[in-house]
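One file, input-v5.cif, carrying mmCIF, C-alpha atoms:
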data_structure
#
loop_
_atom_site.group_PDB
_atom_site.id
_atom_site.type_symbol
_atom_site.label_atom_id
_atom_site.label_comp_id
_atom_site.auth_asym_id
_atom_site.auth_seq_id
_atom_site.Cartn_x
_atom_site.Cartn_y
_atom_site.Cartn_z
ATOM 1 C CA MET Q 246 15.281 -0.910 21.497
ATOM 2 C CA PHE Q 247 15.478 -1.716 17.769
ATOM 3 C CA ASP Q 248 15.245 -5.053 15.928
ATOM 4 C CA VAL Q 249 16.993 -4.720 12.562
ATOM 5 C CA ALA Q 250 15.753 -8.108 11.314
ATOM 6 C CA VAL Q 251 12.096 -7.219 11.960
ATOM 7 C CA PHE Q 252 12.564 -3.773 10.379
ATOM 8 C CA GLY Q 253 14.289 -5.195 7.290
ATOM 9 C CA SER Q 254 11.768 -7.998 6.817
ATOM 10 C CA LEU Q 255 8.684 -5.759 6.977
ATOM 11 C CA PHE Q 256 10.298 -2.953 4.962
ATOM 12 C CA LEU Q 257 11.217 -5.332 2.123
ATOM 13 C CA THR Q 258 7.773 -6.958 2.221
ATOM 14 C CA LEU Q 259 6.027 -3.581 1.994
ATOM 15 C CA PHE Q 260 8.487 -2.391 -0.676
ATOM 16 C CA VAL Q 261 7.575 -5.353 -2.898
ATOM 17 C CA ILE Q 262 3.823 -5.007 -2.242
ATOM 18 C CA MET Q 263 3.551 -1.205 -2.448
ATOM 19 C CA ASP Q 264 6.133 -1.105 -5.267
ATOM 20 C CA PRO Q 265 7.517 2.487 -5.284
ATOM 21 C CA PRO Q 266 9.134 2.135 -8.765
ATOM 22 C CA GLY Q 267 5.925 0.675 -10.202
ATOM 23 C CA ILE Q 268 3.775 3.469 -8.788
ATOM 24 C CA THR Q 269 5.730 6.098 -10.767
ATOM 25 C CA PRO Q 270 4.054 5.648 -14.199
ATOM 26 C CA ILE Q 271 0.623 5.372 -12.552
ATOM 27 C CA PHE Q 272 1.216 8.561 -10.551
ATOM 28 C CA ILE Q 273 2.383 10.338 -13.723
ATOM 29 C CA ALA Q 274 -0.699 9.113 -15.609
ATOM 30 C CA LEU Q 275 -3.121 10.207 -12.890
ATOM 31 C CA THR Q 276 -1.562 13.619 -12.257
ATOM 32 C CA GLY Q 277 -0.369 14.629 -15.726
ATOM 33 C CA GLY Q 278 -1.515 18.057 -16.919
ATOM 34 C CA ARG Q 279 -1.917 19.536 -13.457
ATOM 35 C CA PRO Q 280 0.216 22.345 -12.004
ATOM 36 C CA ALA Q 281 3.393 21.183 -10.219
ATOM 37 C CA ARG Q 282 2.074 22.576 -6.931
ATOM 38 C CA VAL Q 283 -1.077 20.442 -7.206
ATOM 39 C CA GLN Q 284 0.943 17.360 -8.137
ATOM 40 C CA LYS Q 285 3.216 17.792 -5.101
ATOM 41 C CA ARG Q 286 0.179 18.206 -2.855
ATOM 42 C CA MET Q 287 -1.416 15.084 -4.316
ATOM 43 C CA ALA Q 288 1.754 13.052 -3.712
ATOM 44 C CA PHE Q 289 1.770 14.159 -0.084
ATOM 45 C CA GLN Q 290 -1.977 13.547 0.327
ATOM 46 C CA ALA Q 291 -1.735 10.058 -1.157
ATOM 47 C CA VAL Q 292 1.081 9.080 1.222
ATOM 48 C CA CYS Q 293 -0.817 10.554 4.199
ATOM 49 C CA VAL Q 294 -3.973 8.633 3.278
ATOM 50 C CA ALA Q 295 -2.013 5.395 2.812
ATOM 51 C CA GLY Q 296 -0.183 5.954 6.109
ATOM 52 C CA GLY Q 297 -3.432 6.684 7.923
ATOM 53 C CA VAL Q 298 -5.145 3.568 6.574
ATOM 54 C CA ILE Q 299 -2.137 1.360 7.323
ATOM 55 C CA THR Q 300 -1.868 2.771 10.862
ATOM 56 C CA VAL Q 301 -5.558 2.236 11.618
ATOM 57 C CA PHE Q 302 -5.468 -1.338 10.353
ATOM 58 C CA GLY Q 303 -2.172 -1.972 12.137
ATOM 59 C CA LEU Q 304 -3.777 -0.962 15.432
ATOM 60 C CA LEU Q 305 -7.349 -2.200 14.923
ATOM 61 C CA GLY Q 306 -7.255 -4.377 11.812
ATOM 62 C CA HIS Q 307 -8.684 -7.611 13.160
ATOM 63 C CA GLN Q 308 -11.371 -5.843 15.161
ATOM 64 C CA ILE Q 309 -12.482 -3.803 12.114
ATOM 65 C CA LEU Q 310 -12.665 -6.808 9.763
ATOM 66 C CA ASN Q 311 -14.425 -8.971 12.356
ATOM 67 C CA TYR Q 312 -16.924 -6.233 13.215
ATOM 68 C CA LEU Q 313 -17.812 -5.727 9.537
ATOM 69 C CA HIS Q 314 -17.745 -9.511 8.894
ATOM 70 C CA VAL Q 315 -15.334 -8.884 6.005
ATOM 71 C CA SER Q 316 -12.788 -11.523 5.021
ATOM 72 C CA VAL Q 317 -9.367 -10.736 3.565
ATOM 73 C CA PRO Q 318 -10.279 -12.320 0.185
ATOM 74 C CA ALA Q 319 -13.373 -10.079 0.006
ATOM 75 C CA LEU Q 320 -11.124 -7.080 0.642
ATOM 76 C CA MET Q 321 -8.802 -8.226 -2.155
ATOM 77 C CA ILE Q 322 -11.639 -8.716 -4.658
ATOM 78 C CA ALA Q 323 -13.215 -5.343 -3.833
ATOM 79 C CA GLY Q 324 -9.848 -3.593 -4.183
ATOM 80 C CA GLY Q 325 -9.235 -5.357 -7.492
ATOM 81 C CA LEU Q 326 -12.607 -4.282 -8.903
ATOM 82 C CA LEU Q 327 -11.966 -0.682 -7.853
ATOM 83 C CA LEU Q 328 -8.535 -0.694 -9.529
ATOM 84 C CA LEU Q 329 -10.051 -2.221 -12.666
ATOM 85 C CA LEU Q 330 -12.522 0.667 -12.972
ATOM 86 C CA ILE Q 331 -9.672 3.187 -12.652
ATOM 87 C CA ALA Q 332 -7.587 1.236 -15.198
ATOM 88 C CA LEU Q 333 -10.435 1.312 -17.744
ATOM 89 C CA ASP Q 334 -10.671 5.092 -17.343
ATOM 90 C CA LEU Q 335 -6.931 5.431 -18.001
ATOM 91 C CA LEU Q 336 -7.112 3.168 -21.058
ATOM 92 C CA THR Q 337 -10.090 4.975 -22.588
ATOM 93 C CA GLY Q 338 -8.813 8.444 -21.691
ATOM 94 C CA LYS Q 339 -11.951 9.503 -19.826
ATOM 95 C CA THR Q 340 -11.734 12.945 -18.243
ATOM 96 C CA ASP Q 341 -15.367 13.590 -17.424
ATOM 97 C CA GLU Q 342 -14.886 14.510 -13.771
ATOM 98 C CA PRO Q 343 -14.574 18.158 -12.713
ATOM 99 C CA LYS Q 344 -10.919 19.064 -12.182
ATOM 100 C CA GLN Q 345 -11.082 19.849 -8.470
ATOM 101 C CA THR Q 346 -13.088 16.739 -7.656
ATOM 102 C CA LYS Q 347 -10.676 14.708 -9.732
ATOM 103 C CA ASP Q 348 -7.698 16.113 -7.810
ATOM 104 C CA VAL Q 349 -9.180 15.018 -4.497
ATOM 105 C CA ASN Q 350 -10.273 11.608 -5.789
ATOM 106 C CA VAL Q 351 -6.923 10.757 -7.344
ATOM 107 C CA ALA Q 352 -5.024 11.476 -4.134
ATOM 108 C CA LEU Q 353 -7.460 9.478 -2.009
ATOM 109 C CA VAL Q 354 -8.614 6.843 -4.517
ATOM 110 C CA PRO Q 355 -6.884 5.059 -6.176
ATOM 111 C CA LEU Q 356 -3.462 6.394 -5.083
ATOM 112 C CA GLY Q 357 -3.875 6.403 -1.302
ATOM 113 C CA MET Q 358 -6.095 3.348 -1.317
ATOM 114 C CA PRO Q 359 -6.125 0.722 -2.744
ATOM 115 C CA LEU Q 360 -2.899 1.268 -4.757
ATOM 116 C CA LEU Q 361 -0.601 2.085 -1.831
ATOM 117 C CA ALA Q 362 -2.632 0.871 1.150
ATOM 118 C CA GLY Q 363 -4.026 -2.203 -0.581
ATOM 119 C CA PRO Q 364 -5.125 -5.537 0.905
ATOM 120 C CA GLY Q 365 -1.608 -6.999 0.687
ATOM 121 C CA ALA Q 366 -0.019 -4.137 2.620
ATOM 122 C CA ILE Q 367 -2.856 -4.072 5.168
ATOM 123 C CA VAL Q 368 -2.644 -7.808 5.871
ATOM 124 C CA SER Q 369 1.179 -7.696 6.107
ATOM 125 C CA VAL Q 370 1.013 -4.884 8.675
ATOM 126 C CA ILE Q 371 -1.726 -6.590 10.715
ATOM 127 C CA LEU Q 372 0.366 -9.775 10.924
ATOM 128 C CA ALA Q 373 3.606 -7.901 11.689
ATOM 129 C CA VAL Q 374 1.996 -5.936 14.538
ATOM 130 C CA GLN Q 375 0.494 -9.151 15.956
ATOM 131 C CA LYS Q 376 3.840 -10.962 15.903
ATOM 132 C CA ALA Q 377 5.725 -8.060 17.523
ATOM 133 C CA ASP Q 378 5.597 -9.194 21.150
ATOM 134 C CA SER Q 379 8.234 -6.841 22.577
ATOM 135 C CA ALA Q 380 8.764 -3.083 22.683
ATOM 136 C CA SER Q 381 11.813 -3.252 20.395
ATOM 137 C CA MET Q 382 9.893 -5.278 17.784
ATOM 138 C CA GLN Q 383 6.958 -2.837 17.906
ATOM 139 C CA VAL Q 384 9.346 0.104 17.402
ATOM 140 C CA SER Q 385 10.941 -1.733 14.455
ATOM 141 C CA VAL Q 386 7.565 -2.503 12.849
ATOM 142 C CA TRP Q 387 6.360 1.108 13.005
ATOM 143 C CA ALA Q 388 9.773 2.406 11.890
ATOM 144 C CA ALA Q 389 9.537 0.163 8.796
ATOM 145 C CA ILE Q 390 6.025 1.473 8.067
ATOM 146 C CA LEU Q 391 7.242 5.076 8.378
ATOM 147 C CA ALA Q 392 10.325 4.398 6.223
ATOM 148 C CA ILE Q 393 8.377 2.877 3.308
ATOM 149 C CA HIS Q 394 5.979 5.834 3.296
ATOM 150 C CA ILE Q 395 8.909 8.275 3.152
ATOM 151 C CA VAL Q 396 10.307 6.312 0.191
ATOM 152 C CA LEU Q 397 6.914 6.382 -1.545
ATOM 153 C CA TRP Q 398 6.623 10.152 -1.074
ATOM 154 C CA LEU Q 399 10.140 10.760 -2.422
ATOM 155 C CA VAL Q 400 9.522 8.568 -5.481
ATOM 156 C CA MET Q 401 6.241 10.308 -6.358
ATOM 157 C CA ARG Q 402 7.634 13.762 -5.533
ATOM 158 C CA TYR Q 403 10.603 13.359 -7.878
ATOM 159 C CA SER Q 404 8.645 11.573 -10.613
ATOM 160 C CA LEU Q 405 7.415 15.104 -11.429
ATOM 161 C CA LEU Q 406 10.823 15.661 -13.070
ATOM 162 C CA ILE Q 407 9.940 12.871 -15.510
ATOM 163 C CA ILE Q 408 6.677 14.666 -16.390
ATOM 164 C CA ARG Q 409 8.645 17.809 -17.328
ATOM 165 C CA VAL Q 410 10.907 15.793 -19.621
ATOM 166 C CA ILE Q 411 8.297 13.708 -21.475
ATOM 167 C CA LYS Q 412 5.766 16.581 -21.969
ATOM 168 C CA ASP Q 413 2.060 16.102 -22.765
ATOM 169 C CA GLY Q 414 2.509 13.544 -25.549
ATOM 170 C CA GLY Q 415 4.621 11.343 -23.309
ATOM 171 C CA VAL Q 416 2.089 11.626 -20.494
ATOM 172 C CA VAL Q 417 -0.650 10.291 -22.814
ATOM 173 C CA LEU Q 418 1.548 7.325 -23.740
ATOM 174 C CA VAL Q 419 2.436 6.647 -20.104
ATOM 175 C CA THR Q 420 -1.262 6.924 -19.209
ATOM 176 C CA ARG Q 421 -2.184 4.123 -21.625
ATOM 177 C CA LEU Q 422 0.712 1.945 -20.419
ATOM 178 C CA ALA Q 423 -0.238 2.606 -16.796
ATOM 179 C CA GLY Q 424 -3.828 1.628 -17.605
ATOM 180 C CA MET Q 425 -2.626 -1.717 -18.974
ATOM 181 C CA MET Q 426 -0.378 -2.324 -15.961
ATOM 182 C CA LEU Q 427 -3.091 -1.326 -13.523
ATOM 183 C CA SER Q 428 -5.686 -3.566 -15.201
ATOM 184 C CA ALA Q 429 -3.279 -6.528 -14.927
ATOM 185 C CA ILE Q 430 -2.642 -5.755 -11.229
ATOM 186 C CA ALA Q 431 -6.408 -5.490 -10.660
ATOM 187 C CA VAL Q 432 -7.210 -8.794 -12.388
ATOM 188 C CA GLN Q 433 -4.408 -10.571 -10.498
ATOM 189 C CA GLN Q 434 -5.739 -9.204 -7.205
ATOM 190 C CA ILE Q 435 -9.243 -10.464 -8.035
ATOM 191 C CA ILE Q 436 -7.831 -13.888 -9.017
ATOM 192 C CA ASN Q 437 -5.889 -14.082 -5.731
ATOM 193 C CA GLY Q 438 -9.026 -13.225 -3.759
ATOM 194 C CA VAL Q 439 -11.197 -15.762 -5.610
ATOM 195 C CA THR Q 440 -8.482 -18.419 -5.220
ATOM 196 C CA GLN Q 441 -8.407 -17.869 -1.457
ATOM 197 C CA VAL Q 442 -12.213 -18.121 -1.305
ATOM 198 C CA VAL Q 443 -12.159 -21.411 -3.259
ATOM 199 C CA ARG Q 444 -9.380 -22.854 -1.080
ATOM 200 C CA GLY Q 445 -11.177 -21.744 2.046
ATOM 201 C CA GLY Q 446 -14.399 -23.310 0.829
#
I'd like the structure from this file rewritten - as structure tokens, please.
Amino acid sequence: MFDVAVFGSLFLTLFVIMDPPGITPIFIALTGGRPARVQKRMAFQAVCVAGGVITVFGLLGHQILNYLHVSVPALMIAGGLLLLLIALDLLTGKTDEPKQTKDVNVALVPLGMPLLAGPGAIVSVILAVQKADSASMQVSVWAAILAIHIVLWLVMRYSLLIIRVIKDGGVVLVTRLAGMMLSAIAVQQIINGVTQVVRGG
């Protein structure tokens, strides 16, 4: 009742797209300066949000996109623009939002979505669920989805050790670097979406 090839293929695909090592500096930048308890909660919330979004789109993805008349490239461009706004905040060091509101927003947006549950991950899961035409393949697909979310939680949970080592000055540096990385990811996502629109047209 388990297809190792299907599990391995989807797990590796999601690992590359969701990029647990790459999320570490961004998580540190977005959560730096908060109590460890809050940071742990935010890591868990972000993974839960990403898992919820991925699950919903895995089960109802095509129906949702068709009902809203939203194409995958449009989803990619919108996600890229949202990430670009977050990246600009990190680069300029804006901290205008109230602390509690910021805590909630960071866990939900951009960490949960679109950083973790972005267009690439959503599309990969939709396709994997569609192709899984047996019970064993379905079990393997959902096991891979669960496994990558456990990995993401562990990576973010233990990145808090890095925060303790680098202190506040290091967090500021990492924040600027994360802003640059995130802006590049955002621009690339927008380019990919526009390219798909042009090819489709």
Could you list the residues chosen by the PyMOL selection byres ((chain Q and resi 355) around 10) in this structure as a list in words?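 Checking the PyMOL selection byres ((chain Q and resi 355) around 10) against this file, the residues are Ile271, Phe272, Leu275, Ala291, Gly324, Leu327, Leu328, Leu330, Ile331, Ala332, Asn350, Val351, Ala352, Leu353, Val354, Leu356, Gly357, Met358, Pro359, Leu360, Leu361, Ala362 and Gly363 of chain Q.
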What do you get, as a PyMOL selection string, if you spell out every residue that the PyMOL selection byres ((chain Q and resi 368) around 12) selects here? chain Q and resi 255+258-259+262+298-307+310+316-318+320-321+362-367+369-375
I'd like to see the residues matched by the PyMOL selection byres ((chain Q and resi 322) around 8) on this file, and ideally I'd get them as number ranges by chain. Q: 318-321, 323-326, 434-439
Q:Leu257 environment, 12 Å, only C-alpha atoms, sequence neighbours closer than 3 positions dropped, as number ranges by chain: Q: 249-254, 260-265, 366, 369, 386, 389-390, 392-393, 396
Could the residues in this selection be saved with C-alpha atoms as a JSON list (two decimals), in the coordinates of the input?
[["chain", "number", "residue", "atom", "x", "y", "z"],
["Q", 249, "VAL", "CA", 16.99, -4.72, 12.56],
["Q", 250, "ALA", "CA", 15.75, -8.11, 11.31],
["Q", 251, "VAL", "CA", 12.10, -7.22, 11.96],
["Q", 252, "PHE", "CA", 12.56, -3.77, 10.38],
["Q", 253, "GLY", "CA", 14.29, -5.20, 7.29],
["Q", 254, "SER", "CA", 11.77, -8.00, 6.82],
["Q", 260, "PHE", "CA", 8.49, -2.39, -0.68],
["Q", 261, "VAL", "CA", 7.58, -5.35, -2.90],
["Q", 262, "ILE", "CA", 3.82, -5.01, -2.24],
["Q", 263, "MET", "CA", 3.55, -1.20, -2.45],
["Q", 264, "ASP", "CA", 6.13, -1.10, -5.27],
["Q", 265, "PRO", "CA", 7.52, 2.49, -5.28],
["Q", 366, "ALA", "CA", -0.02, -4.14, 2.62],
["Q", 369, "SER", "CA", 1.18, -7.70, 6.11],
["Q", 386, "VAL", "CA", 7.56, -2.50, 12.85],
["Q", 389, "ALA", "CA", 9.54, 0.16, 8.80],
["Q", 390, "ILE", "CA", 6.02, 1.47, 8.07],
["Q", 392, "ALA", "CA", 10.32, 4.40, 6.22],
["Q", 393, "ILE", "CA", 8.38, 2.88, 3.31],
["Q", 396, "VAL", "CA", 10.31, 6.31, 0.19]]
Can you measure atom CA of Q:His394 to atom CA of Q:Thr269 for me? One decimal in Å is fine.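 Atom CA of Q:Thr269 lies at a distance of 14.1 Å from atom CA of Q:His394.
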Could you tell me how far atom CA of Q:Leu399 lies from atom CA of Q:Val384, in Å and to one decimal? 22.5 Å
When you draw a straight line from atom CA of Q:Thr337 to atom CA of Q:Pro266, how long is it in Å?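 So the two atoms, atom CA of Q:Thr337 and atom CA of Q:Pro266, lie 23.8 Å apart.
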Find the axis-aligned box for stretch 407-421 of chain Q, covering all its listed atoms and adding 6 Å on each side, and write its centre and edge lengths in Å to one decimal as AutoDock Vina command-line options.
--center_x 4.4 --center_y 11.0 --center_z -20.5 --size_x 25.1 --size_y 25.7 --size_z 22.0
Which residue gives the smallest distance to Q:Ile395 among Q:Leu336, Q:Val416, Q:Phe256, Q:Ala377, with all atoms listed in the file counted?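 Comparing Q:Leu336, Q:Val416, Q:Phe256, Q:Ala377 against Q:Ile395, the winner is Q:Phe256.
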For Q:Arg282: contacts at 12 Å, only C-alpha atoms, fewer than 4 positions along chain excluded, given as a list in words: Thr276, Gly278, Arg286, Met287, Ala288, Phe289, Asp348, Arg402 and Leu405 of chain Q
Pick from Q:Gly338, Q:Ala388, Q:Ile408, Q:Gln383: nearest to Q:Gln284, with only C-alpha atoms counted?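 Of Q:Gly338, Q:Ala388, Q:Ile408, Q:Gln383, the one nearest Q:Gln284 is Q:Ile408, counting only C-alpha atoms.
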Test item: residues at most 6 Å from Q:Asp248, only C-alpha atoms, excluding those fewer than 3 positions along its chain, as a VMD selection string: chain Q and resid 251 381 to 382 385
Which residues are near Q:Pro270? Cut-off 8 Å, only C-alpha atoms, ignore same chain within fewer than 4 positions. Put them as an MDAnalysis selection string. chainID Q and resid 274 419:420 422:423
Could you add whatever atoms are missing so that stretch 301-312 of chain Q carries all heavy atoms, then write the result as a compact mmCIF listing (two decimals), in the frame of the given file?
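The file below, result32.txt, is the result:
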# COMPACT_ATOMS: atom_id res chain seq x y z
N VAL Q 301 -4.29 2.67 11.01
CA VAL Q 301 -5.56 2.24 11.62
C VAL Q 301 -5.69 0.72 11.59
O VAL Q 301 -6.05 0.09 12.59
CB VAL Q 301 -6.76 2.89 10.88
CG1 VAL Q 301 -8.07 2.24 11.31
CG2 VAL Q 301 -6.80 4.39 11.18
N PHE Q 302 -5.35 0.12 10.45
CA PHE Q 302 -5.47 -1.34 10.35
C PHE Q 302 -4.37 -2.04 11.17
O PHE Q 302 -4.59 -3.15 11.66
CB PHE Q 302 -5.43 -1.79 8.89
CG PHE Q 302 -6.78 -1.76 8.23
CD1 PHE Q 302 -7.18 -0.64 7.50
CD2 PHE Q 302 -7.66 -2.81 8.35
CE1 PHE Q 302 -8.42 -0.59 6.90
CE2 PHE Q 302 -8.91 -2.77 7.76
CZ PHE Q 302 -9.30 -1.66 7.03
N GLY Q 303 -3.21 -1.40 11.30
CA GLY Q 303 -2.17 -1.97 12.14
C GLY Q 303 -2.60 -2.05 13.60
O GLY Q 303 -2.31 -3.01 14.31
N LEU Q 304 -3.33 -1.02 14.04
CA LEU Q 304 -3.78 -0.96 15.43
C LEU Q 304 -5.07 -1.74 15.67
O LEU Q 304 -5.23 -2.39 16.70
CB LEU Q 304 -3.98 0.50 15.85
CG LEU Q 304 -2.72 1.38 15.86
CD1 LEU Q 304 -3.09 2.84 16.10
CD2 LEU Q 304 -1.73 0.91 16.93
N LEU Q 305 -5.99 -1.66 14.70
CA LEU Q 305 -7.35 -2.20 14.92
C LEU Q 305 -7.82 -3.13 13.81
O LEU Q 305 -9.04 -3.36 13.69
CB LEU Q 305 -8.35 -1.03 15.05
CG LEU Q 305 -8.05 0.03 16.10
CD1 LEU Q 305 -8.95 1.24 15.90
CD2 LEU Q 305 -8.26 -0.54 17.50
N GLY Q 306 -6.89 -3.63 13.00
CA GLY Q 306 -7.26 -4.38 11.81
C GLY Q 306 -8.21 -5.53 12.03
O GLY Q 306 -9.26 -5.61 11.39
N HIS Q 307 -7.85 -6.43 12.94
CA HIS Q 307 -8.68 -7.61 13.16
C HIS Q 307 -10.07 -7.23 13.68
O HIS Q 307 -11.08 -7.78 13.24
CB HIS Q 307 -8.00 -8.57 14.14
CG HIS Q 307 -7.16 -9.59 13.45
ND1 HIS Q 307 -7.69 -10.57 12.63
CD2 HIS Q 307 -5.82 -9.79 13.44
CE1 HIS Q 307 -6.72 -11.32 12.15
NE2 HIS Q 307 -5.58 -10.87 12.61
N GLN Q 308 -10.09 -6.27 14.60
CA GLN Q 308 -11.37 -5.84 15.16
C GLN Q 308 -12.28 -5.25 14.08
O GLN Q 308 -13.48 -5.53 14.03
CB GLN Q 308 -11.16 -4.81 16.27
CG GLN Q 308 -10.46 -5.35 17.51
CD GLN Q 308 -8.95 -5.22 17.44
OE1 GLN Q 308 -8.36 -5.43 16.39
NE2 GLN Q 308 -8.32 -4.87 18.55
N ILE Q 309 -11.69 -4.43 13.18
CA ILE Q 309 -12.48 -3.80 12.11
C ILE Q 309 -13.05 -4.86 11.17
O ILE Q 309 -14.25 -4.86 10.87
CB ILE Q 309 -11.62 -2.80 11.31
CG1 ILE Q 309 -11.25 -1.61 12.20
CG2 ILE Q 309 -12.36 -2.32 10.07
CD1 ILE Q 309 -10.24 -0.66 11.57
N LEU Q 310 -12.21 -5.78 10.71
CA LEU Q 310 -12.66 -6.81 9.76
C LEU Q 310 -13.70 -7.73 10.40
O LEU Q 310 -14.70 -8.09 9.76
CB LEU Q 310 -11.47 -7.62 9.24
CG LEU Q 310 -10.46 -6.85 8.37
CD1 LEU Q 310 -9.34 -7.77 7.92
CD2 LEU Q 310 -11.14 -6.24 7.15
N ASN Q 311 -13.47 -8.10 11.67
CA ASN Q 311 -14.42 -8.97 12.36
C ASN Q 311 -15.76 -8.27 12.58
O ASN Q 311 -16.82 -8.86 12.41
CB ASN Q 311 -13.86 -9.44 13.70
CG ASN Q 311 -12.72 -10.43 13.53
OD1 ASN Q 311 -12.61 -11.06 12.48
ND2 ASN Q 311 -11.87 -10.55 14.53
N TYR Q 312 -15.70 -6.99 12.95
CA TYR Q 312 -16.92 -6.23 13.22
C TYR Q 312 -17.76 -6.11 11.95
O TYR Q 312 -19.00 -6.22 11.98
CB TYR Q 312 -16.58 -4.84 13.75
CG TYR Q 312 -17.79 -3.96 13.99
CD1 TYR Q 312 -18.60 -4.16 15.11
CD2 TYR Q 312 -18.13 -2.95 13.09
CE1 TYR Q 312 -19.72 -3.37 15.33
CE2 TYR Q 312 -19.25 -2.16 13.29
CZ TYR Q 312 -20.04 -2.37 14.42
OH TYR Q 312 -21.15 -1.59 14.62
